[in-house]
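Visitor: Structure supplied as data20.tsv; contents: TSV, C-alpha atoms.
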chain	number	residue	atom	x	y	z
I	3	MET	CA	8.55	-136.37	-99.70
I	4	GLN	CA	5.23	-134.99	-98.65
I	5	LEU	CA	6.58	-131.43	-98.68
I	6	TYR	CA	7.91	-131.90	-102.26
I	7	SER	CA	4.58	-133.16	-103.56
I	8	LEU	CA	2.77	-130.33	-101.82
I	9	LEU	CA	5.15	-127.87	-103.51
I	10	GLU	CA	4.51	-129.59	-106.82
I	11	GLN	CA	0.78	-129.34	-106.32
I	12	SER	CA	0.88	-125.63	-105.48
I	13	ILE	CA	3.10	-124.91	-108.50
I	14	THR	CA	0.69	-126.84	-110.73
I	15	GLN	CA	-2.22	-124.91	-109.27
I	16	THR	CA	-0.50	-121.60	-109.96
I	17	HIS	CA	0.24	-122.70	-113.49
I	18	LEU	CA	-3.36	-123.67	-114.07
I	19	HIS	CA	-4.53	-120.38	-112.63
I	20	THR	CA	-2.18	-118.42	-114.90
I	21	LEU	CA	-3.32	-120.40	-117.88
I	22	ARG	CA	-6.92	-119.63	-117.05
I	23	GLN	CA	-6.06	-115.96	-116.81
I	24	ILE	CA	-4.41	-116.04	-120.24
I	25	GLU	CA	-7.45	-117.80	-121.64
I	26	GLU	CA	-9.69	-115.13	-120.14
I	27	MET	CA	-7.61	-112.43	-121.74
I	28	GLY	CA	-7.91	-114.20	-125.10
I	29	ARG	CA	-11.67	-114.19	-125.01
I	30	ILE	CA	-13.69	-111.44	-126.56
I	31	LYS	CA	-16.69	-110.76	-124.34
I	32	PHE	CA	-19.14	-110.38	-127.20
I	33	LEU	CA	-20.35	-112.32	-130.24
I	34	GLY	CA	-21.28	-115.15	-127.92
I	35	ASP	CA	-17.86	-115.57	-126.39
I	36	VAL	CA	-15.80	-116.17	-129.59
I	37	LYS	CA	-12.22	-117.19	-128.89
I	38	ILE	CA	-9.79	-115.07	-130.94
I	39	ARG	CA	-7.01	-117.58	-131.46
I	40	PRO	CA	-9.07	-120.45	-132.88
I	41	ALA	CA	-10.88	-117.97	-135.10
I	42	LEU	CA	-7.58	-116.68	-136.48
I	43	ILE	CA	-6.36	-120.24	-137.07
I	44	GLN	CA	-9.59	-120.98	-138.94
I	45	LEU	CA	-9.08	-117.90	-141.08
I	46	LEU	CA	-5.52	-118.97	-141.81
I	47	ASN	CA	-6.70	-122.45	-142.86
I	48	LEU	CA	-9.20	-120.89	-145.23
I	49	GLY	CA	-6.49	-118.65	-146.63
I	50	MET	CA	-4.21	-121.64	-147.16
I	51	ILE	CA	-6.91	-123.55	-149.06
I	52	ILE	CA	-7.73	-120.58	-151.28
I	53	SER	CA	-4.11	-119.74	-152.02
I	54	SER	CA	-3.12	-123.33	-152.83
I	55	ALA	CA	-6.09	-123.58	-155.21
I	56	LEU	CA	-4.95	-120.34	-156.83
I	57	MET	CA	-1.37	-121.63	-157.09
I	58	ILE	CA	-2.54	-124.81	-158.83
I	59	TRP	CA	-4.63	-122.75	-161.29
I	60	LYS	CA	-1.82	-120.33	-162.10
I	61	GLY	CA	0.62	-123.22	-162.37
I	62	LEU	CA	-1.66	-124.90	-164.90
I	63	MET	CA	-1.85	-121.64	-166.84
I	64	CYS	CA	1.97	-121.59	-167.09
I	65	ILE	CA	2.32	-125.27	-168.03
I	66	THR	CA	-0.34	-125.26	-170.72
I	67	GLY	CA	0.43	-121.80	-172.05
I	68	CYS	CA	-3.25	-120.82	-172.07
I	69	GLU	CA	-5.16	-118.11	-170.28
I	70	SER	CA	-7.83	-120.63	-169.37
I	71	PRO	CA	-6.44	-124.15	-169.41
I	72	VAL	CA	-9.85	-125.73	-168.90
I	73	VAL	CA	-12.99	-124.69	-170.79
I	74	VAL	CA	-16.59	-125.87	-170.66
I	75	VAL	CA	-18.39	-126.69	-173.90
I	76	LEU	CA	-21.40	-124.38	-174.08
I	77	THR	CA	-23.14	-125.32	-177.32
I	78	GLY	CA	-24.03	-128.44	-179.21
I	79	SER	CA	-22.07	-127.44	-182.29
I	80	MET	CA	-19.49	-130.20	-181.84
I	81	GLU	CA	-21.88	-133.06	-181.13
I	82	PRO	CA	-21.79	-136.01	-180.91
I	83	GLY	CA	-18.17	-135.63	-179.89
I	84	PHE	CA	-18.55	-132.85	-177.33
I	85	LYS	CA	-21.85	-132.20	-175.65
I	86	ARG	CA	-22.92	-129.22	-173.59
I	87	GLY	CA	-21.37	-129.50	-170.16
I	88	ASP	CA	-18.24	-131.41	-171.15
I	89	ILE	CA	-14.88	-129.94	-170.26
I	90	LEU	CA	-11.85	-129.65	-172.50
I	91	PHE	CA	-8.21	-129.42	-171.46
I	92	LEU	CA	-6.34	-126.93	-173.57
I	93	HIS	CA	-2.72	-126.62	-174.53
I	94	MET	CA	-0.93	-124.03	-176.59
I	95	ASN	CA	2.56	-124.04	-178.04
I	96	LYS	CA	4.50	-122.57	-180.91
I	97	GLU	CA	3.70	-125.48	-183.25
I	98	PRO	CA	1.89	-124.39	-186.41
I	99	ILE	CA	-1.86	-124.83	-186.49
I	100	ARG	CA	-2.97	-127.56	-188.89
I	101	ALA	CA	-6.23	-128.79	-190.34
I	102	GLY	CA	-8.23	-131.11	-188.11
I	103	GLU	CA	-7.13	-129.61	-184.83
I	104	ILE	CA	-9.85	-128.60	-182.42
I	105	VAL	CA	-9.11	-125.00	-181.49
I	106	VAL	CA	-10.62	-122.56	-179.05
I	107	TYR	CA	-10.74	-119.04	-180.42
I	108	ASN	CA	-12.00	-115.58	-179.53
I	109	VAL	CA	-13.56	-113.42	-182.22
I	110	ASP	CA	-12.48	-109.75	-182.10
I	111	GLY	CA	-14.89	-107.91	-179.88
I	112	ARG	CA	-16.51	-110.96	-178.32
I	113	ASP	CA	-15.37	-112.59	-175.11
I	114	ILE	CA	-17.07	-115.96	-175.31
I	115	PRO	CA	-14.59	-118.47	-176.73
I	116	ILE	CA	-15.75	-120.87	-179.43
I	117	VAL	CA	-14.55	-124.47	-179.72
I	118	HIS	CA	-14.52	-125.69	-183.33
I	119	ARG	CA	-12.36	-127.67	-185.73
I	120	VAL	CA	-9.96	-126.22	-188.33
I	121	ILE	CA	-11.07	-127.28	-191.80
I	122	LYS	CA	-8.85	-125.02	-193.93
I	123	ALA	CA	-5.35	-123.69	-193.31
I	124	HIS	CA	-3.18	-121.54	-195.53
I	125	GLU	CA	0.30	-120.76	-194.24
I	126	ARG	CA	2.09	-117.85	-195.89
I	127	ARG	CA	5.64	-118.48	-196.97
I	128	ASP	CA	7.05	-115.04	-196.20
I	129	THR	CA	5.53	-114.12	-192.84
I	130	GLY	CA	4.67	-117.54	-191.45
I	131	GLU	CA	1.20	-116.16	-190.72
I	132	ILE	CA	-1.61	-118.62	-191.11
I	133	ASP	CA	-5.18	-118.13	-192.37
I	134	ILE	CA	-7.62	-120.53	-190.75
I	135	LEU	CA	-11.24	-121.44	-191.38
I	136	THR	CA	-13.12	-123.34	-188.70
I	137	LYS	CA	-16.37	-125.24	-188.53
I	138	GLY	CA	-18.29	-127.03	-185.84
I	139	ASP	CA	-18.69	-130.74	-186.53
I	140	ASN	CA	-22.44	-130.54	-186.04
I	141	ASN	CA	-22.93	-127.29	-187.98
I	142	PRO	CA	-24.05	-127.36	-191.60
I	143	VAL	CA	-21.86	-124.40	-192.60
I	144	ASP	CA	-18.44	-123.08	-191.69
I	145	ASP	CA	-17.82	-120.30	-189.18
I	146	ILE	CA	-17.45	-117.38	-191.60
I	147	SER	CA	-20.68	-115.84	-190.34
I	148	LEU	CA	-19.29	-115.90	-186.79
I	149	TYR	CA	-16.14	-113.97	-187.59
I	150	SER	CA	-16.43	-110.23	-186.96
I	151	GLY	CA	-17.29	-107.89	-189.83
I	152	GLY	CA	-16.08	-108.94	-193.24
I	153	GLN	CA	-13.36	-111.15	-191.81
I	154	LEU	CA	-12.75	-114.27	-193.92
I	155	TRP	CA	-10.02	-116.00	-191.91
I	156	LEU	CA	-8.82	-116.47	-188.38
I	157	ASN	CA	-5.19	-115.89	-187.52
I	158	ARG	CA	-2.93	-117.29	-184.86
I	159	HIS	CA	-3.58	-114.45	-182.45
I	160	HIS	CA	-7.25	-115.36	-182.30
I	161	ILE	CA	-6.48	-118.88	-181.12
I	162	VAL	CA	-6.51	-119.35	-177.37
I	163	GLY	CA	-5.56	-123.02	-177.29
I	164	ARG	CA	-5.82	-126.49	-178.80
I	165	ALA	CA	-8.08	-129.06	-177.16
I	166	LYS	CA	-5.97	-132.02	-176.10
I	167	GLY	CA	-8.03	-133.82	-173.50
I	168	TYR	CA	-11.65	-134.27	-172.61
I	169	LEU	CA	-13.88	-135.16	-169.67
I	170	PRO	CA	-17.64	-135.65	-170.00
I	171	TYR	CA	-20.36	-134.02	-167.88
I	172	VAL	CA	-18.06	-132.37	-165.30
I	173	GLY	CA	-18.67	-128.86	-166.59
I	174	TYR	CA	-22.42	-128.99	-166.20
I	175	LEU	CA	-22.13	-127.45	-162.74
I	176	THR	CA	-20.47	-124.38	-164.28
I	177	ILE	CA	-23.26	-124.07	-166.83
I	178	ILE	CA	-25.91	-124.31	-164.11
I	179	MET	CA	-24.12	-121.69	-162.03
I	180	THR	CA	-23.82	-119.33	-164.98
I	181	GLU	CA	-27.38	-119.67	-166.16
I	182	MET	CA	-29.02	-119.70	-162.74
I	183	PRO	CA	-27.02	-117.30	-160.53
I	184	MET	CA	-29.16	-118.21	-157.53
I	185	VAL	CA	-27.46	-121.61	-157.43
I	186	LYS	CA	-24.05	-119.91	-157.38
I	187	TYR	CA	-24.98	-117.61	-154.49
I	188	ALA	CA	-26.61	-120.45	-152.56
I	189	LEU	CA	-23.48	-122.60	-152.98
I	190	ILE	CA	-21.08	-119.84	-151.93
I	191	GLY	CA	-23.32	-118.97	-148.99
I	192	ALA	CA	-23.46	-122.59	-147.85
I	193	LEU	CA	-19.68	-123.01	-148.17
I	194	GLY	CA	-19.07	-119.79	-146.27
I	195	LEU	CA	-21.41	-120.89	-143.52
I	196	LEU	CA	-19.68	-124.27	-143.27
I	197	ALA	CA	-16.24	-122.62	-143.09
I	198	VAL	CA	-17.28	-120.32	-140.25
I	199	THR	CA	-19.22	-122.77	-138.15
I	200	SER	CA	-17.03	-125.88	-138.45
I	201	LYS	CA	-15.41	-126.84	-135.20
I	202	GLU	CA	-12.13	-128.13	-136.69
L	69	MET	CA	-16.34	-136.58	-135.88
L	70	HIS	CA	-18.99	-139.04	-136.84
L	71	SER	CA	-21.73	-136.64	-137.82
L	72	PHE	CA	-23.61	-137.07	-141.07
L	73	GLY	CA	-21.83	-134.05	-142.50
L	74	TYR	CA	-18.34	-135.47	-142.00
L	75	ARG	CA	-19.30	-138.87	-143.34
L	76	ALA	CA	-20.97	-137.40	-146.42
L	77	ASN	CA	-17.92	-135.22	-147.03
L	78	ALA	CA	-15.53	-138.18	-146.73
L	79	VAL	CA	-17.60	-140.38	-149.04
L	80	LEU	CA	-17.95	-137.63	-151.62
L	81	THR	CA	-14.25	-136.74	-151.62
L	82	PHE	CA	-13.23	-140.37	-151.94
L	83	GLY	CA	-15.78	-140.97	-154.68
L	84	VAL	CA	-14.62	-138.02	-156.73
L	85	THR	CA	-10.95	-138.94	-156.30
L	86	MET	CA	-11.62	-142.51	-157.39
L	87	LEU	CA	-13.52	-141.29	-160.44
L	88	ALA	CA	-10.62	-139.04	-161.42
L	89	VAL	CA	-8.15	-141.90	-161.02
L	90	MET	CA	-10.30	-144.21	-163.15
L	91	CYS	CA	-10.61	-141.61	-165.91
L	92	THR	CA	-6.83	-141.15	-165.94
L	93	LEU	CA	-6.22	-144.89	-166.08
L	94	ALA	CA	-8.76	-145.30	-168.88
L	95	SER	CA	-6.98	-142.61	-170.86
L	96	LEU	CA	-3.55	-144.12	-170.18
L	97	SER	CA	-4.72	-147.50	-171.45
L	98	ASP	CA	-5.21	-145.91	-174.87
L	99	ASN	CA	-1.44	-145.55	-175.20
L	100	PHE	CA	-1.06	-149.31	-175.46
L	101	ASN	CA	-3.10	-149.49	-178.64
L	102	THR	CA	-0.96	-149.89	-181.78
L	103	PRO	CA	-3.28	-149.32	-184.71
L	104	THR	CA	-2.85	-150.72	-188.20
L	105	THR	CA	-4.90	-148.66	-190.59
L	106	SER	CA	-5.24	-148.58	-194.32
L	107	ALA	CA	-6.86	-146.08	-196.63
L	108	GLU	CA	-7.26	-145.31	-200.30
L	109	VAL	CA	-8.66	-142.26	-202.05
L	110	LYS	CA	-9.41	-142.24	-205.76
L	111	ILE	CA	-10.39	-139.18	-207.75
L	112	LEU	CA	-13.11	-140.45	-210.02
L	113	ASN	CA	-13.81	-137.23	-211.87
L	114	ILE	CA	-12.93	-133.56	-212.05
L	115	ASN	CA	-16.43	-132.13	-212.36
L	116	TRP	CA	-15.38	-128.58	-213.11
L	117	PHE	CA	-12.39	-126.30	-212.66
L	118	GLN	CA	-12.94	-122.54	-212.85
L	119	LYS	CA	-11.58	-119.21	-211.73
L	120	GLN	CA	-14.09	-117.41	-209.51
L	121	ALA	CA	-15.05	-113.76	-209.82
L	122	ASN	CA	-12.78	-112.90	-206.87
L	123	GLY	CA	-9.77	-114.38	-208.68
L	124	ASN	CA	-9.53	-117.62	-206.71
L	125	ASP	CA	-9.36	-121.00	-208.43
L	126	GLU	CA	-12.01	-123.51	-207.51
L	127	VAL	CA	-12.33	-127.16	-208.44
L	128	SER	CA	-15.08	-129.70	-207.87
L	129	LEU	CA	-14.14	-133.37	-207.58
L	130	THR	CA	-15.86	-136.68	-207.17
L	131	LEU	CA	-13.94	-138.88	-204.76
L	132	ASN	CA	-14.03	-142.49	-203.70
L	133	VAL	CA	-12.75	-142.91	-200.15
L	134	SER	CA	-12.24	-146.35	-198.70
L	135	ALA	CA	-10.53	-147.07	-195.40
L	136	ASP	CA	-10.21	-149.56	-192.60
L	137	LEU	CA	-9.87	-147.75	-189.28
L	138	SER	CA	-11.20	-150.49	-187.02
L	139	SER	CA	-7.91	-150.95	-185.13
L	140	LEU	CA	-8.20	-147.39	-183.80
L	141	PHE	CA	-11.16	-148.27	-181.61
L	142	THR	CA	-10.49	-149.17	-177.99
L	143	TRP	CA	-12.91	-149.58	-175.10
L	144	ASN	CA	-12.27	-145.90	-174.33
L	145	THR	CA	-13.14	-144.64	-177.82
L	146	LYS	CA	-16.31	-142.65	-178.28
L	147	GLN	CA	-16.01	-141.86	-181.97
L	148	VAL	CA	-13.42	-141.25	-184.66
L	149	PHE	CA	-13.61	-138.08	-186.72
L	150	VAL	CA	-12.13	-138.70	-190.16
L	151	PHE	CA	-11.53	-136.20	-192.95
L	152	VAL	CA	-9.78	-136.01	-196.30
L	153	ALA	CA	-7.73	-132.90	-196.97
L	154	ALA	CA	-6.03	-131.73	-200.16
L	155	GLU	CA	-2.54	-130.49	-199.31
L	156	TYR	CA	-0.34	-128.53	-201.68
L	157	GLU	CA	2.01	-125.58	-201.78
L	158	THR	CA	1.98	-122.42	-203.84
L	159	PRO	CA	4.51	-119.63	-204.44
L	160	GLN	CA	2.69	-117.49	-201.88
L	161	ASN	CA	1.86	-120.17	-199.30
L	162	ALA	CA	4.22	-122.73	-197.82
L	163	LEU	CA	1.32	-125.04	-197.04
L	164	ASN	CA	-2.34	-125.15	-197.96
L	165	GLN	CA	-4.70	-127.63	-196.36
L	166	VAL	CA	-8.27	-127.75	-197.64
L	167	SER	CA	-10.67	-130.25	-196.14
L	168	LEU	CA	-12.74	-131.87	-198.87
L	169	TRP	CA	-14.84	-134.32	-196.92
L	170	ASP	CA	-15.32	-135.36	-193.33
L	171	GLY	CA	-17.33	-137.91	-191.47
L	172	ILE	CA	-17.85	-139.37	-188.05
L	173	ILE	CA	-17.35	-143.06	-187.34
L	174	PRO	CA	-19.42	-143.84	-184.27
L	175	SER	CA	-18.29	-147.40	-183.64
L	176	LYS	CA	-15.94	-150.18	-184.72
L	177	GLU	CA	-18.60	-151.75	-186.91
L	178	HIS	CA	-18.68	-148.64	-189.11
L	179	ALA	CA	-14.90	-148.28	-189.24
L	180	ARG	CA	-14.44	-150.22	-192.46
L	181	PHE	CA	-16.11	-147.94	-194.94
L	182	TRP	CA	-16.36	-146.99	-198.57
L	183	ILE	CA	-17.87	-143.73	-199.75
L	184	HIS	CA	-18.47	-142.19	-203.15
L	185	THR	CA	-19.02	-138.43	-202.89
L	186	THR	CA	-18.39	-135.01	-204.37
L	187	ASN	CA	-16.34	-132.74	-202.17
L	188	LYS	CA	-18.37	-131.64	-199.17
L	189	TYR	CA	-16.40	-128.41	-198.75
L	190	ARG	CA	-15.37	-126.16	-201.58
L	191	PHE	CA	-11.84	-126.64	-202.83
L	192	VAL	CA	-10.87	-122.99	-203.24
L	193	ASP	CA	-7.34	-121.67	-203.47
L	194	GLN	CA	-6.04	-118.37	-202.11
L	195	GLY	CA	-5.25	-117.05	-205.55
L	196	SER	CA	-4.99	-118.71	-208.92
L	197	ASN	CA	-2.36	-121.43	-208.52
L	198	LEU	CA	-4.20	-124.66	-209.18
L	199	LYS	CA	-3.64	-125.22	-212.91
L	200	GLY	CA	-1.56	-128.35	-213.31
L	201	LYS	CA	-1.01	-128.44	-209.54
L	202	ASP	CA	0.39	-131.58	-207.91
L	203	PHE	CA	-1.21	-132.24	-204.58
L	204	ASN	CA	-1.51	-134.83	-201.81
L	205	LEU	CA	-4.71	-136.23	-200.43
L	206	THR	CA	-4.29	-136.93	-196.74
L	207	LEU	CA	-6.74	-138.95	-194.69
L	208	HIS	CA	-6.65	-137.58	-191.15
L	209	TRP	CA	-8.35	-139.12	-188.15
L	210	HIS	CA	-9.02	-137.76	-184.69
L	211	ILE	CA	-9.85	-140.24	-181.99
L	212	MET	CA	-12.32	-138.73	-179.52
L	213	PRO	CA	-12.21	-140.74	-176.30
L	214	LYS	CA	-14.84	-141.37	-173.67
L	215	THR	CA	-12.47	-139.65	-171.24
L	216	GLY	CA	-8.96	-138.30	-171.47
L	217	LYS	CA	-6.40	-137.57	-174.13
L	218	MET	CA	-7.33	-137.19	-177.79
L	219	PHE	CA	-5.08	-138.77	-180.42
L	220	ALA	CA	-4.69	-137.82	-184.05
L	221	ASP	CA	-2.79	-139.22	-187.01
L	222	LYS	CA	-2.92	-139.39	-190.79
L	223	ILE	CA	-2.09	-141.28	-193.96
L	224	VAL	CA	-0.58	-139.21	-196.76
L	225	MET	CA	-1.38	-140.27	-200.32
L	226	THR	CA	0.65	-138.55	-203.02
L	227	GLY	CA	0.53	-138.36	-206.75
L	228	TYR	CA	-2.64	-136.44	-207.56
L	229	ARG	CA	-2.64	-133.72	-210.17
L	230	LEU	CA	-5.15	-131.12	-211.30
L	231	PRO	CA	-5.73	-130.44	-215.01
L	232	GLU	CA	-3.58	-127.93	-216.86
L	233	GLU	CA	-6.57	-125.99	-218.19
L	234	TYR	CA	-9.90	-124.84	-216.79
L	235	ARG	CA	-12.94	-126.86	-217.76
Written as structure tokens, how would this file's structure read?

Guide:
Amino acid sequence: MQLYSLLEQSITQTHLHTLRQIEEMGRIKFLGDVKIRPALIQLLNLGMIISSALMIWKGLMCITGCESPVVVVLTGSMEPGFKRGDILFLHMNKEPIRAGEIVVYNVDGRDIPIVHRVIKAHERRDTGEIDILTKGDNNPVDDISLYSGGQLWLNRHHIVGRAKGYLPYVGYLTIIMTEMPMVKYALIGALGLLAVTSKE
Amino acid sequence: MHSFGYRANAVLTFGVTMLAVMCTLASLSDNFNTPTTSAEVKILNINWFQKQANGNDEVSLTLNVSADLSSLFTWNTKQVFVFVAAEYETPQNALNQVSLWDGIIPSKEHARFWIHTTNKYRFVDQGSNLKGKDFNLTLHWHIMPKTGKMFADKIVMTGYRLPEEYR
């Protein structure tokens, strides 16, 4: 009995010693004794979070059929319905564009999308092409002055999506980050620091 | 595990999740609303009807719009955007929609309204097809919620006709 337990104890001791050796090998003797395995696991966790966020975003892009399924309202041209900082959920399908719909469009040569309402629509019989005039609810005049050059109408290929849903205030963070880049860098820096130093 | 950072993170995450759930529920509750609306548009006068220098017909009308849209308002409704559009077809175009007037109804109290106005936006055709044209006047409304999905619908009123000759 005694002999067996002694044997057990010595085996356990050897095991522990071997484990300690393995641990020693896994340690990098610089950077304040950073363990390599936990650091790799941390990196993997970060990668998982980033890639799942990316998957959700790309998935949304496929479901809604829009390049940017969520947009932030930047101007007050649709007040009192949409204020600066509200976010809109977009959707795009093959349905024809009709008057009254709130559309997001890009003017040729400009990359900032505009969110306004269709007030006139003329659909050609032969080609199915549609001529659209838009206007912001809060603007006194229609958008003709915003279209590039001498353009009088928008066409389907200018339209990025139709606004289907709405959430107030949420987009204000994006506006702050765009207009004051320091906030963006501070936020990313803080998040990065948290990711590296967290002990999970 | 019980540091300030962890607790703040947990509270914040839970708070944001709860807010998202409440917004979704508020939006879903709008689906249970079955509105009963009524509207009437009368053309009081054709002020003038001319062909512009660019060859497009243009007409100026005086309208009387009366409607009762109070059943559209729920607790999740921020405002209702209402507009009257002239809809007609031409040999060249399968459908033409020209908004003549629009307005914003901010609350249920203002939803039963009556307005006497000339057309706010110019009624211009793409071409010269409006003489003797039969057209519909459609009252469209867009419900803009406090959060969530936006709904839209319309009432089509038929039987309007433009004069045979310019005046």

Visitor: At a cut-off of 7 Å, can you tabulate as CSV every residue of chain I near chain L together with its closest atom pair and the distance in Å to one decimal, using all atoms listed in the file and ordering rows by chain then number?

Guide:
residue,atom,partner,partner_atom,distance
I:Gly83,CA,L:Met212,CA,6.6
I:Ala101,CA,L:Gln165,CA,6.3
I:Ile121,CA,L:Ser167,CA,5.3
I:Lys122,CA,L:Val166,CA,4.6
I:Ala123,CA,L:Gln165,CA,5.0
I:His124,CA,L:Asn164,CA,4.4
I:Glu125,CA,L:Leu163,CA,5.2
I:Arg126,CA,L:Asn161,CA,4.1
I:Arg127,CA,L:Ala162,CA,4.6
I:Lys166,CA,L:Met218,CA,5.6
I:Gly167,CA,L:Lys217,CA,4.1
I:Tyr168,CA,L:Gly216,CA,5.0
I:Leu169,CA,L:Thr215,CA,5.0
I:Pro170,CA,L:Thr215,CA,6.7

Visitor: Rank nothing, just name the residue among L:Leu131, L:Asn99, L:Ile173, L:Leu137 nearest to Lys188 of chain L, using only C-alpha atoms.

Guide: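 Under the stated criterion, the closest residue is L:Leu131.
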
Visitor: Just the residues within 8 Å of Val117 of chain I, please, counting only C-alpha atoms, with nothing from its chain fewer than 3 positions along; format it as an NGL selection string.

Guide: :I and (75 or 80 or 104-107 or 138)

Visitor: If we count all atoms listed in the file and set the cut-off at 9 Å, which residues sit around Cys68 of chain I, ignoring sequence neighbours fewer than 6 positions away in its own chain? Please answer as a list in words.

Guide: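 That gives Leu62, Leu92, His93, Met94, Asn95, Val162 and Gly163 of chain I.
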
Visitor: Would you compute, for all listed atoms of segment 40-47 of chain I, the axis-aligned bounding box grown by 6 Å on each side, and then report its centre and edge lengths in Å rounded to one decimal, as lines of an AutoDock Vina configuration file?

Guide:
center_x = -8.2
center_y = -119.6
center_z = -137.9
size_x = 17.4
size_y = 17.8
size_z = 22.0

Visitor: May I ask for the distance between atom CA of Thr176 of chain I and atom CA of Pro71 of chain I, given in Å to one decimal place?

Guide: 14.9 Å

Visitor: How far is it from atom CA of Gly200 of chain L to atom CA of Met225 of chain L, in Å with one decimal?

Guide: 17.6 Å

Visitor: What gap, in Å, lies between atom CA of Arg86 of chain I and atom CA of Leu175 of chain I?

Guide: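 Atom CA of Arg86 of chain I sits 11.0 Å away from atom CA of Leu175 of chain I.
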
Visitor: Which residues come within 10 Å of Val127 of chain L, counting only C-alpha atoms, excluding same-chain residues fewer than 5 positions away, as a JSON list (two decimals) with C-alpha atoms, keeping the file's coordinate frame?

Guide:
[["chain", "number", "residue", "atom", "x", "y", "z"],
["L", 114, "ILE", "CA", -12.93, -133.56, -212.05],
["L", 115, "ASN", "CA", -16.43, -132.13, -212.36],
["L", 116, "TRP", "CA", -15.38, -128.58, -213.11],
["L", 117, "PHE", "CA", -12.39, -126.30, -212.66],
["L", 118, "GLN", "CA", -12.94, -122.54, -212.85],
["L", 119, "LYS", "CA", -11.58, -119.21, -211.73],
["L", 120, "GLN", "CA", -14.09, -117.41, -209.51],
["L", 187, "ASN", "CA", -16.34, -132.74, -202.17],
["L", 190, "ARG", "CA", -15.37, -126.16, -201.58],
["L", 191, "PHE", "CA", -11.84, -126.64, -202.83],
["L", 192, "VAL", "CA", -10.87, -122.99, -203.24],
["L", 193, "ASP", "CA", -7.34, -121.67, -203.47],
["L", 198, "LEU", "CA", -4.20, -124.66, -209.18],
["L", 199, "LYS", "CA", -3.64, -125.22, -212.91],
["L", 230, "LEU", "CA", -5.15, -131.12, -211.30],
["L", 231, "PRO", "CA", -5.73, -130.44, -215.01],
["L", 234, "TYR", "CA", -9.90, -124.84, -216.79],
["L", 235, "ARG", "CA", -12.94, -126.86, -217.76]]

Visitor: Have a look at L:Asp98, L:Glu108, L:Glu233, L:Asp125 and name the one nearest to Thr145 of chain L; count all atoms listed in the file.

Guide: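 Closest to Thr145 of chain L, using all atoms listed in the file: L:Asp98.
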